[in-house]
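> If you scroll down you'll find the structure; I have some questions about it.
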Amino acid sequence: MPTPVSSATTTGGPPPRADLVVVGGGILGTATAFHAASRGLDVVLLEHGHRLGGLTTQASAGGHRLQFDSPEEVALLRESLEAWDHLGDLVGEPGLDLRRVRNGYLWVTRDPARAASQRTQVDAQRAIGVDAVTWLAGDEARRSFPFLAPDVVGARYRALDGWLDPLIATRAFADGAIRRGATIAFGTPVTGFEVSAGRVSAVLTATGRVECGWAIVAAGPFTGEILALAGVTVPLAARLRQRLYLPAVPEVPRDAPMTIDEDSGSHWRPEAGGAYVLRPDPDAPVLPATHDPVAPRAFYDLLLDPESPVAVARHAPFWRTTWERRSQHWYVTAGQYTYSPDHKPLLGPTAIPNLGINGGYSGHGIMAAPAGSRVALDALLGVVAPGSNPFRADRAFAHDEARGPL
Ligand SMILES: Cc1cc2nc3c(=O)[nH]c(=O)nc-3n(C[C@H](O)[C@H](O)[C@H](O)COP(=O)(O)OP(=O)(O)OC[C@H]3O[C@@H](n4cnc5c(N)ncnc54)[C@H](O)[C@@H]3O)c2cc1C
């Protein structure tokens, strides 16, 4: 979806000064710009390319869920989900249609030990405020979801979870920011920062400099290397992720939830008359950030060939029919997950107090964009004290071995 040019966009060099410069025009940069412009700040968003959401955001599956295992993530997602419920009113676009679908999130397993830990996990999630989440034994799960394989022995499910269109959301945040006075400069890669007396005084771009009171980097996989231009080091790593899209798959039930095989990480959901099929490979190498991630053809066979150890047919046998029919066309789109050591985002000021970060969400940057961007901005502006920000960039990282693949 090309991004339209408007009176609030420029490609002829950025404005010379702003209260706040936002680096990156994905969902997190536009959400940050919206929050900042809503607070009355004069905002300039600098985007390397010529469209919004054109890098990682467009590659995502748009999933959103409250099923998380830490109180701080549940709080972040609760605030975000409320924002998604009312985004049109928030940004000043009543009637906004995010193409939101609430078919739920269903995590299934064929492993009895994992089924037992699913039950414990559901109890723990309820204890930290995840409402409406439930554990189902295999037969119960098959009664609600007849497409599940006979050897599925457990499932955890929350009917209120679902997905939305990330590009519509990105465009809505950008328009909301523009209505509040923000400017977006396309074709304006950030190349450096002027730092004096320990503070950023200007953001440098290929087509001019922007003096600013604050700057915040929300540049997806490029976030770490852009902050390094100011001498700031953050623990972020980018790994390739891909999304297989099959536009026409009659076998996929239209009312199916986001269905995740917890044993393999493979997952899928309906999309229009077809489906998205995905799998984050836990062994994918850390790669340099790229504007053009390569989508491997082998991804189709990996997920659809029923003989593959991570085939979606293993938990949902109808996929075997799709594989055998072989008439459908398909596309693989690639993006990069940006990981912090604990897979939770880094939000707020960096070692340079007026230079912020809004990144490192791994697979949650769409769903958590509204609240994550609000927290990142409030922490940068000093509205949220460091001690009240569980996502501060200089926190001690505890790696959670039990963390799932998504
Ligand atoms: C396959 C896949 C599936 C996913 N599924 C989900 C999901 O279901 N739910 C979910 O919540 N999340 C999901 N995610 C994660 C989600 O897509 C990301 O967390 C989110 O898009 C990150 O947004 P962003 O704005 O930081 O990054 P991006 O969309 O990558 O935006 C960064 C922007 O910064 C710009 N930029 C880069 N360098 C510069 C520079 N020097 N100067 C100026 N601009 C620059 C880029 O051009 C780009 O437009 C998925 C990701 C992938 C890859």
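Residues in the structure tokens are numbered from 1 in each chain, the chains being A, B, ... in the order shown, and ligands are numbered from 1 in the order shown.
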What's the 6 Å shell around Val23 of chain A, counting only C-alpha atoms, without same-chain residues fewer than 4 positions away, as a PyMOL selection string?

chain A and resi 45-46+217-218

> Using DSSP on the backbone, list every residue of segment 23-227 of chain A that comes out as strand (DSSP E or B), and give them as a count of residues only.

52

> Identify which of the residues A:Pro370, A:Gly12, A:Gly40, A:Gly129 lies closest to ligand 1, counting only C-alpha atoms and all ligand atoms when measuring atom-to-atom distances.

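The closest residue to ligand 1 is A:Pro370.
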
> Please provide the set of residues having any atom within 12 Å of Ala228 of chain A, restricted to only C-alpha atoms, with same-chain residues fewer than 2 positions apart removed, written as an MDAnalysis selection string.

chainID A and resid 190:193 217 222:226 230:236 350:352 355 357

> Restricting the output to N, CA and C atoms, write the selected residues as a PDB file, in the first residue's frame.


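Output file again.pdb is given in full below:
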```pdb
ATOM      1  N   VAL A 190      18.477   9.086   8.669  1.00  0.00           N
ATOM      2  CA  VAL A 190      19.285   9.706   9.720  1.00  0.00           C
ATOM      3  C   VAL A 190      20.703   9.170   9.612  1.00  0.00           C
ATOM      4  N   THR A 191      21.673  10.093   9.645  1.00  0.00           N
ATOM      5  CA  THR A 191      23.081   9.706   9.464  1.00  0.00           C
ATOM      6  C   THR A 191      23.936   9.977  10.701  1.00  0.00           C
ATOM      7  N   GLY A 192      23.390  10.699  11.679  1.00  0.00           N
ATOM      8  CA  GLY A 192      24.184  10.984  12.877  1.00  0.00           C
ATOM      9  C   GLY A 192      23.455  11.925  13.815  1.00  0.00           C
ATOM     10  N   PHE A 193      24.140  12.275  14.907  1.00  0.00           N
ATOM     11  CA  PHE A 193      23.580  13.185  15.905  1.00  0.00           C
ATOM     12  C   PHE A 193      24.663  14.188  16.292  1.00  0.00           C
ATOM     13  N   VAL A 217      14.418   7.064  18.878  1.00  0.00           N
ATOM     14  CA  VAL A 217      14.670   6.169  17.753  1.00  0.00           C
ATOM     15  C   VAL A 217      13.703   4.989  17.834  1.00  0.00           C
ATOM     16  N   PHE A 222      16.950  -1.362  12.744  1.00  0.00           N
ATOM     17  CA  PHE A 222      18.053  -0.400  12.673  1.00  0.00           C
ATOM     18  C   PHE A 222      18.239   0.402  13.964  1.00  0.00           C
ATOM     19  N   THR A 223      17.383   0.172  14.940  1.00  0.00           N
ATOM     20  CA  THR A 223      17.395   1.001  16.148  1.00  0.00           C
ATOM     21  C   THR A 223      18.772   1.027  16.813  1.00  0.00           C
ATOM     22  N   GLY A 224      19.384  -0.151  16.975  1.00  0.00           N
ATOM     23  CA  GLY A 224      20.683  -0.218  17.650  1.00  0.00           C
ATOM     24  C   GLY A 224      21.760   0.527  16.898  1.00  0.00           C
ATOM     25  N   GLU A 225      21.802   0.339  15.575  1.00  0.00           N
ATOM     26  CA  GLU A 225      22.905   0.992  14.837  1.00  0.00           C
ATOM     27  C   GLU A 225      22.698   2.497  14.728  1.00  0.00           C
ATOM     28  N   ILE A 226      21.464   2.958  14.758  1.00  0.00           N
ATOM     29  CA  ILE A 226      21.237   4.416  14.728  1.00  0.00           C
ATOM     30  C   ILE A 226      21.645   5.031  16.070  1.00  0.00           C
ATOM     31  N   ALA A 230      25.213   7.942  17.993  1.00  0.00           N
ATOM     32  CA  ALA A 230      25.361   8.923  19.087  1.00  0.00           C
ATOM     33  C   ALA A 230      26.263   8.378  20.186  1.00  0.00           C
ATOM     34  N   GLY A 231      26.868   7.214  19.941  1.00  0.00           N
ATOM     35  CA  GLY A 231      27.753   6.615  20.948  1.00  0.00           C
ATOM     36  C   GLY A 231      27.006   5.811  22.003  1.00  0.00           C
ATOM     37  N   VAL A 232      25.713   5.538  21.745  1.00  0.00           N
ATOM     38  CA  VAL A 232      24.897   4.785  22.720  1.00  0.00           C
ATOM     39  C   VAL A 232      24.842   3.316  22.303  1.00  0.00           C
ATOM     40  N   THR A 233      25.096   2.419  23.256  1.00  0.00           N
ATOM     41  CA  THR A 233      25.023   0.982  22.983  1.00  0.00           C
ATOM     42  C   THR A 233      23.778   0.408  23.656  1.00  0.00           C
ATOM     43  N   VAL A 234      22.986  -0.348  22.892  1.00  0.00           N
ATOM     44  CA  VAL A 234      21.831  -1.041  23.486  1.00  0.00           C
ATOM     45  C   VAL A 234      21.890  -2.515  23.082  1.00  0.00           C
ATOM     46  N   PRO A 235      21.409  -3.410  23.939  1.00  0.00           N
ATOM     47  CA  PRO A 235      21.510  -4.846  23.645  1.00  0.00           C
ATOM     48  C   PRO A 235      20.366  -5.323  22.754  1.00  0.00           C
ATOM     49  N   LEU A 236      20.454  -5.037  21.475  1.00  0.00           N
ATOM     50  CA  LEU A 236      19.420  -5.474  20.531  1.00  0.00           C
ATOM     51  C   LEU A 236      20.051  -6.321  19.435  1.00  0.00           C
ATOM     52  N   THR A 350      17.951   6.790  26.921  1.00  0.00           N
ATOM     53  CA  THR A 350      19.162   5.963  26.857  1.00  0.00           C
ATOM     54  C   THR A 350      20.215   6.605  27.770  1.00  0.00           C
ATOM     55  N   ALA A 351      21.477   6.250  27.569  1.00  0.00           N
ATOM     56  CA  ALA A 351      22.557   6.861  28.346  1.00  0.00           C
ATOM     57  C   ALA A 351      22.644   8.365  28.088  1.00  0.00           C
ATOM     58  N   ILE A 352      22.089   8.803  26.971  1.00  0.00           N
ATOM     59  CA  ILE A 352      21.939  10.250  26.711  1.00  0.00           C
ATOM     60  C   ILE A 352      20.494  10.596  27.079  1.00  0.00           C
ATOM     61  N   LEU A 355      17.826  11.455  24.506  1.00  0.00           N
ATOM     62  CA  LEU A 355      17.765  10.566  23.332  1.00  0.00           C
ATOM     63  C   LEU A 355      17.077   9.267  23.760  1.00  0.00           C
ATOM     64  N   ILE A 357      14.565   5.588  23.162  1.00  0.00           N
ATOM     65  CA  ILE A 357      14.427   4.371  22.354  1.00  0.00           C
ATOM     66  C   ILE A 357      13.007   3.850  22.504  1.00  0.00           C
TER      67      ILE A 357
END
```

> Pick out the residues sitting within 10 Å of Leu278 of chain A, and hand them over as a list in words; count only C-alpha atoms, and ignore anything fewer than 5 positions along from it in its own chain.

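Everything that qualifies: Ser60, Ala61, Arg241, Gln242, Arg243, Leu244, Tyr245, Ile260, Gly265, Ser266, His267, Trp268, Arg269, Phe299, Tyr300, Leu303, Val312 and Val332 of chain A.
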
> For the selection you just gave me, I'd like the residues written to a file as a CSV table (one decimal), in the first residue's frame, keeping C-alpha atoms.


```csv
chain,number,residue,atom,x,y,z
A,60,SER,CA,3.8,-8.9,10.4
A,61,ALA,CA,0.7,-11.0,11.1
A,241,ARG,CA,11.4,-13.9,10.4
A,242,GLN,CA,9.0,-14.7,7.5
A,243,ARG,CA,5.3,-14.9,6.8
A,244,LEU,CA,3.9,-17.3,4.2
A,245,TYR,CA,0.7,-16.0,2.7
A,260,ILE,CA,0.0,-21.9,17.5
A,265,GLY,CA,6.3,-22.8,17.0
A,266,SER,CA,4.5,-23.1,13.7
A,267,HIS,CA,1.3,-21.1,13.6
A,268,TRP,CA,-1.4,-19.9,11.2
A,269,ARG,CA,-4.5,-17.8,11.0
A,299,PHE,CA,9.8,-21.7,3.9
A,300,TYR,CA,6.7,-23.0,2.1
A,303,LEU,CA,5.7,-25.4,7.0
A,312,VAL,CA,1.2,-27.3,10.4
A,332,VAL,CA,6.7,-15.4,1.4
```

> Just give me the gap between atom CA of Ala284 of chain A and atom 30 (O, counted along the ligand's line) of ligand 1 in Å, one decimal is fine.

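Going from atom CA of Ala284 of chain A over to atom 30 (O, counted along the ligand's line) of ligand 1 covers 18.1 Å.
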
> From the set A:Ala238, A:Ala219, A:Ala169, A:Leu406, which residue has the shortest atom-to-atom contact distance to ligand 1, counting only C-alpha atoms and all ligand atoms?

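The shortest atom-to-atom distance to ligand 1 comes from A:Ala219.
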
> Neighbours of Glu93 of chain A within 9 Å (only C-alpha atoms; same-chain residues fewer than 3 positions away dropped), as an MDAnalysis selection string?

chainID A and resid 87:90 96 172 175:176

> Have a look at A:Asp165, A:Glu307, A:Asp281, A:Glu47 and name the one nearest to ligand 1; count only C-alpha atoms and all ligand atoms.

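Closest residue, counting only C-alpha atoms and all ligand atoms: A:Glu47.
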
> Could you jot down the atom CA of Asp151 of chain A to atom CA of Ala127 of chain A separation for me, Å, one decimal place?

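So the answer is 29.3 Å.
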